[in-house]
Protein chains: 2
Amino acid sequence: MEYKFSDKISSLQPSVIREILKFTSEPGMISFAAGNPAPEAFPVEDVRRMSKEILENTPILALQYSVTEGYPPLREALMKMAKARYNVGRDFDQLLVVSGAQQGVDLAARVLLNEGDTVICEDPSFIGSLNAFRSYNAKLAGVAMDEDGMNIEALEAALKANPKAKFIYTIPNFQNPSGITMSLQKRREVYRLAKAYGVFILEDNPYGELRWAGEDIPAIKALDEDGIVFYCGSFSKVLSPGIRVGYVVAPAPVIAKMTVAKQCNDVHTTIMSQLLCHRFITECDLDAHIEGLRKIYEKKSSLMMEHMDREFSKNVHHTVPQGGLFLWCTLPQGSDMMGFCRKAVAEKVAVVPGNAFTSDETAPSYSFRMNFSTPTDEQIVQGVKILGRLTHQMFD
Amino acid sequence: MEYKFSDKISSLQPSVIREILKFTSEPGMISFAAGNPAPEAFPVEDVRRMSKEILENTPILALQYSVTEGYPPLREALMKMAKARYNVGRDFDQLLVVSGAQQGVDLAARVLLNEGDTVICEDPSFIGSLNAFRSYNAKLAGVAMDEDGMNIEALEAALKANPKAKFIYTIPNFQNPSGITMSLQKRREVYRLAKAYGVFILEDNPYGELRWAGEDIPAIKALDEDGIVFYCGSFSKVLSPGIRVGYVVAPAPVIAKMTVAKQCNDVHTTIMSQLLCHRFITECDLDAHIEGLRKIYEKKSSLMMEHMDREFSKNVHHTVPQGGLFLWCTLPQGSDMMGFCRKAVAEKVAVVPGNAFTSDETAPSYSFRMNFSTPTDEQIVQGVKILGRLTHQMFD
C-alpha cells in the first residue's frame with residue numbers, strides 16, 4: 001500500500017531535537033540536547049498533596065468532560081495573574097487554556113494562516129513552532145538576531161518583502177535556542193512595525209519567569225493598545241511540562257476562533273492538570289517557588305559557562321543569557337558544525353545542531369544549542385570537558 | 001482592529017452541542033444533550049490509589065516531558081490489549097497515544113487531507129469529527145444510514161461521484177448520534193469498496209465496549225489485510241474523558257506522519273494520564289469494570305426507552321441501540337424539528353437538533369439526539385414526560 005500524505009505534512013520531517021532526544025537515552029550519554037526542567041525544580045510535595053485533595057473532594061469534576069475554553073476558575077485566576085505579574089490582558093482580551101503553549105502556537109497558526117502566507121520569525125527560533133507553521137504550508141521569513149533581539153532593519157526588510165506576512169513570531173525572553181532577550185526599545189520597535197505593516201505578533205513566553213540576572217522587561221503584549229498581540233504562557237517551566245497546560249491571551253474574536261479550532265483538536269485540556277494549576281497559582285507561594293527555580297538555573301548555567309570558558313577553544317563563542325534554559329555556541333565561520341556534533345555524540349555528549357532552528361534548514365549554520373537544566377552538575381563538568389577537547393582539536 | 005481568519009477556520013461555527021452544553025448548566029435544566037459518562041461509571045477508588053502510588057513512586061516521570069509517541073509501556077500494553085480484545089493490529093501496524101480519540105481523528109485528517117479533498121461520512125455523524133474535517137477545507141459527502149449501517153449503494157455512489165475522496169469515516173458501534181451498529185456483512189462491504197476505490201477507512205470506536213445486548217461484531221480494522229484502515233480507540237467512556245487519552249492503530253508510515261503532526265500540535269499527551277491508563281489496563285480487572293458499565297447503561301437506556309414508548313406520540317420513532325450512550329429520535333416527515341427543540345428547552349429539557357450531525361447542516365432534519373448516560377433516573381422520567389407531552393401537542 002502506498003500512502004500519499006497531505007502536501008502540508010509530507011515535507012515535514014520529525015523534529016531533529018526529538019530524534020536526538022531518543023538517541024540520548026543510550027546508556028552513558030551526557031545530554032545537553034534536551035530542554036527539560038531540572039528534576040529538582042518540580043514541587044513534588046505540593047503536587048502530591050493537591051492531587052490527593054482534588055481526588056478526595058471533587059473526583060467527578062477531575063474525571064468528567066469539561067468545557068473547551070478551560071476550567072472557569074483557572075481562566076479567571078490566570079487572567080488575574082497575567083495582569084498582576086506581566087501587565088498582560090486588556091478589556092478586549094480573553095484567555096484560552098491550552099494543552100501546553102505548543103498547542104497555543106499551533107492553534108494560532110491554524111486560525112490565521114492560509115497556505116502560502118508568511119510567518120516572520122527570529123532566526124534561529126524554536127523548532128517546534130517553526131514546524132507548526134510549516135505544517136500549514138506557510139512560508140518562513142527569518143530575521144537575523146542581534147544581542148538584544150531581532151535586527152530591526154532586517155525585520156522591516158522582511159515585512160516589505162513579504163506582503164502576505166500574517167504575523168511575527170517571537171520568544172522575547174531567553175529565547176530558545178539563542179538565550180537572547182529582546183530589549184524594551186526593540187519590543188517597542190517590533191510593535192510599531194507590526195502595526196504599521198498590518199501584521200500580528202505571536203509572543204511566546206515560556207521562560208519569562210526563569211530570570212536570574214538583570215531586570216524584567218515588559219511583555220510586548222503589555223504594549224498592546226491595538227489588539228494585535230497574541231500572548232502564549234506556559235506552566236511547563238514553572239510547574240511541570242508533563243501536565244501539558246499553557247494559555248493564550250488574545251483579543252476576544254481570536255480566542256473565539258481558537259476555541260472552535262481546539263474543539264476539533266482535543267475537545268479540552270486534561271482537567272486534572274487544570275485543577276492542579278488552579279490550586280498551584282491560587283494556594284501555593286508562587287514567588288518563593290520561582291525564586292527557588294531561579295537559583296537552580298543560575299547555579300547550573302554559571303557552572304556550565306565557567307567550565308566552557310575554561311575548557312573551550314577561544315575561537316568558540318557563546319551567548320551569556322540572563323535566564324532560561326539554553327546557551328547558544330558559535331564555531332568559527334566555515335567550520336564543520338555537523339562534524340563537530342557527530343564527533344561529540346560519538347564521544348557520548350549530545351548537543352543540538354544549529355540548523356535545527358533556522359528558518360531555512362539547508363542554510364549553513366556554525367552554531368549549536370547547549371542546555372544546562374537537564375544534566376547533573378557532574379555531567380556538566382564532564383561533558384564540557386569532552387566538548388572542550390574537541391573544540392581544541394578542531395578549531396584552535 | 002479587524003481580524004481576518006484562515007479560510008479553513010472562518011466558516012466553522014462553534015459546535016452546536018458545546019453551545020447547548022453551556023446552556024444546559026442553567027439551574028433546573030434536564031439535559032439529554034450531553035454525551036458524558038454517568039458519574040457512577042468512574043472507578044474513583046482505583047484512580048485515587050493509582051494516582052497516589054504513581055506520585056509516590058515515580059513523581060519525576062509523572063511531571064517531566066515525555067516522548068511524542070506515548071509512554072512506551074502504555075503503547076505496548078495497548079497493542080497487546082487491542083490485539084487480544086478486538087483482533088486489531090497486524091505486523092505492519094503501529095500505535096500512537098493521542099490526547100483523546102478526537103485528536104486521533106484530527107491528526108488523521110491533518111496528515112491525509114489536502115484542501116478540497118473529500119471525506120465520505122455516515123449521515124448523520126459525530127459533529128466533532130465533521131468539524132475537524134471541515135477545518136481542513138475538506139468536502140463532506142454524507143451516506144444515508146440503514147438500520148445496520150451505511151447504505152452500501154449510496155456509499156458506492158458517493159465513491160463514484162467523488163474521485164478526490166480520501167477516506168471513509170465511520171463509527172461502526174453504537175454510532176454517535178444514531179446508536180446504529182454496522183453489521184458484519186456491511187463492514188465487509190465497506191472494506192471491499194474502500195479497497196476497490198483506493199480510499200482509506202478511518203474507524204472510530206469510542207463506544208465499542210459499552211455493549212449490553214447482542215453479540216460483539218469484529219472491527220473493520222480486524223479485516224484489514226491491506227493496511228487501509230486507521231483505528232481510533234479511547235479511554236473516555238471506559239476510564240475517564242477528563243484525562244484525554246486515546247490511541248490510533250494504523251500502518252507504520254501513517255503513524256510516523258501522525259507523530260510528526262502531533263509534535264507540532266501538543267508535543268505529547270499528559271503523562272500522568274498515560275501512567276493512569278497503563279496501570280488501569282495492566283493491573284485492574286478491566287472485564288469486571290466494563291461489565292459494571294454495561295449494567296449501568298443498560299438500565300439507563302431501558303428506563304429511557306420504556307418511558308419514551310409510554311409517553312411519546314406514536315408518530316415519533318426512535319432507534320433501539322444495543323450499546324453506547326445515545327438514542328436517535330425521528331419526528332414525522334415535514335415536522336418543525338427546531339421548533340420542537342426550542343419548545344423543549346423552554347420547558348427546561350435539552351436535546352440536540354439533528355442537523356448538528358448532518359454533513360450538510362442546512363439540509364432538512366426531522367431528528368434529534370437523546371443521551372441517557374448523563375441524566376439521573378429521576379431526570380430521565382421527568383424529562384421524557386415533558387417531551388412526551390410536547391410530542392402529543394405537536395405531532396398527534
# chains A, B, ... in the order shown; residues from 1 in each chain; ligands from 1

call {"tool": "closest_atom_pairs", "arguments": {"of": "chain A", "to": "chain B", "cutoff": "6 Å", "atoms": "only C-alpha atoms", "output": "CSV"}}
result
residue,atom,partner,partner_atom,distance
A:Phe5,CA,B:Leu112,CA,4.8
A:Ser6,CA,B:Leu112,CA,4.7
A:Ile9,CA,B:Val111,CA,5.7
A:Pro14,CA,B:Val260,CA,5.2
A:Leu63,CA,B:Gly242,CA,4.5
A:Gln64,CA,B:Gly242,CA,4.8
A:Tyr65,CA,B:Gly242,CA,4.8
A:Gln102,CA,B:Asp266,CA,5.6
A:Gln103,CA,B:Asp266,CA,5.0
A:Asp106,CA,B:Asn265,CA,5.8
A:Val111,CA,B:Ser6,CA,5.3
A:Leu112,CA,B:Ser6,CA,4.7
A:Leu113,CA,B:Ser6,CA,5.2
A:Asn114,CA,B:Ser6,CA,5.1
A:Gly128,CA,B:Cys264,CA,5.7
A:Ala132,CA,B:Cys264,CA,4.8
A:Ser240,CA,B:Leu63,CA,5.2
A:Pro241,CA,B:Tyr65,CA,5.4
A:Gly242,CA,B:Leu63,CA,4.5
A:Ile243,CA,B:Thr270,CA,5.0
A:Arg244,CA,B:Thr270,CA,5.7
A:Val260,CA,B:Pro14,CA,5.2
A:Cys264,CA,B:Ala132,CA,4.7
A:Asn265,CA,B:Gln103,CA,5.3
A:Asp266,CA,B:Gln103,CA,5.0
A:Thr270,CA,B:Ile243,CA,5.0
A:Ile271,CA,B:Gly242,CA,5.4

call {"tool": "write_last_selection", "arguments": {"atoms": "C-alpha atoms", "output": "PDB file, in the first residue's frame"}}
result
ATOM      1  CA  PHE A   5       0.052  12.346   2.621  1.00  0.00           C
ATOM      2  CA  SER A   6      -1.233  15.908   2.572  1.00  0.00           C
ATOM      3  CA  ILE A   9       2.636  17.400   6.168  1.00  0.00           C
ATOM      4  CA  PRO A  14      10.476  14.609  12.602  1.00  0.00           C
ATOM      5  CA  LEU A  63     -12.537  12.812  35.580  1.00  0.00           C
ATOM      6  CA  GLN A  64     -15.554  14.099  33.619  1.00  0.00           C
ATOM      7  CA  TYR A  65     -15.615  16.056  30.334  1.00  0.00           C
ATOM      8  CA  GLN A 102       2.826  24.453  21.757  1.00  0.00           C
ATOM      9  CA  GLN A 103      -0.904  23.996  21.197  1.00  0.00           C
ATOM     10  CA  ASP A 106      -0.361  25.651  16.652  1.00  0.00           C
ATOM     11  CA  VAL A 111      -6.871  30.041  12.657  1.00  0.00           C
ATOM     12  CA  LEU A 112      -4.688  32.652  10.938  1.00  0.00           C
ATOM     13  CA  LEU A 113      -2.691  31.053   8.145  1.00  0.00           C
ATOM     14  CA  ASN A 114      -3.822  30.274   4.650  1.00  0.00           C
ATOM     15  CA  GLY A 128       8.510  23.118  17.420  1.00  0.00           C
ATOM     16  CA  ALA A 132       3.873  24.005  13.286  1.00  0.00           C
ATOM     17  CA  SER A 240       5.534  20.746  35.106  1.00  0.00           C
ATOM     18  CA  PRO A 241       5.714  20.116  31.338  1.00  0.00           C
ATOM     19  CA  GLY A 242       4.222  16.619  31.680  1.00  0.00           C
ATOM     20  CA  ILE A 243       0.826  18.020  32.710  1.00  0.00           C
ATOM     21  CA  ARG A 244       0.562  19.920  29.361  1.00  0.00           C
ATOM     22  CA  VAL A 260     -13.586  26.422  17.825  1.00  0.00           C
ATOM     23  CA  CYS A 264     -11.884  19.978  16.724  1.00  0.00           C
ATOM     24  CA  ASN A 265      -8.405  19.307  18.031  1.00  0.00           C
ATOM     25  CA  ASP A 266      -8.629  17.829  21.547  1.00  0.00           C
ATOM     26  CA  THR A 270      -6.778  17.465  30.745  1.00  0.00           C
ATOM     27  CA  ILE A 271      -8.979  18.693  33.562  1.00  0.00           C
TER      28      ILE A 271
END

call {"tool": "residues_around", "arguments": {"residues": "Thr170 (chain A)", "least_positions_apart": "3", "cutoff": "8 Å", "atoms": "only C-alpha atoms", "output": "PyMOL selection string"}}
result
chain A and resi 121-122+201-204

call {"tool": "select_by_dssp", "arguments": {"residues": "region 243-321 of chain B", "states": "helix (DSSP H, G or I)", "output": "PyMOL selection string"}}
result
chain B and resi 252-265+271-283+286-311

call {"tool": "residues_around", "arguments": {"residues": "region 173-184 of chain A", "least_positions_apart": "6", "cutoff": "6 Å", "atoms": "only C-alpha atoms", "output": "list in words"}}
result
Phe126, Asp148, Gly149, Gly208, Pro321, Gly323, Gly324, Phe326, Leu327 and Trp328 of chain A

call {"tool": "residues_around", "arguments": {"residues": "Arg188 (chain B)", "least_positions_apart": "4", "cutoff": "10 Å", "atoms": "only C-alpha atoms", "output": "PyMOL selection string"}}
result
chain B and resi 183-184+192-194+219-220+223-224

call {"tool": "atom_distance", "arguments": {"atom1": "CA of Gln382 (chain A)", "atom2": "CA of Val238 (chain A)"}}
result
27.7 Å

call {"tool": "residues_around", "arguments": {"residues": "region 350-357 of chain B", "least_positions_apart": "2", "cutoff": "6 Å", "atoms": "only C-alpha atoms", "output": "list in words"}}
result
Ser31, Phe32, Ala33, Pro124, Ser125, Phe126, Ile127, Val345, Glu361, Ser365, Ser367, Phe368, Arg369 and Met370 of chain B

call {"tool": "atom_distance", "arguments": {"atom1": "CA of Gly339 (chain A)", "atom2": "CA of Lys314 (chain A)"}}
result
18.8 Å

call {"tool": "atom_distance", "arguments": {"atom1": "CA of Arg85 (chain B)", "atom2": "CA of Leu293 (chain B)"}}
result
16.7 Å
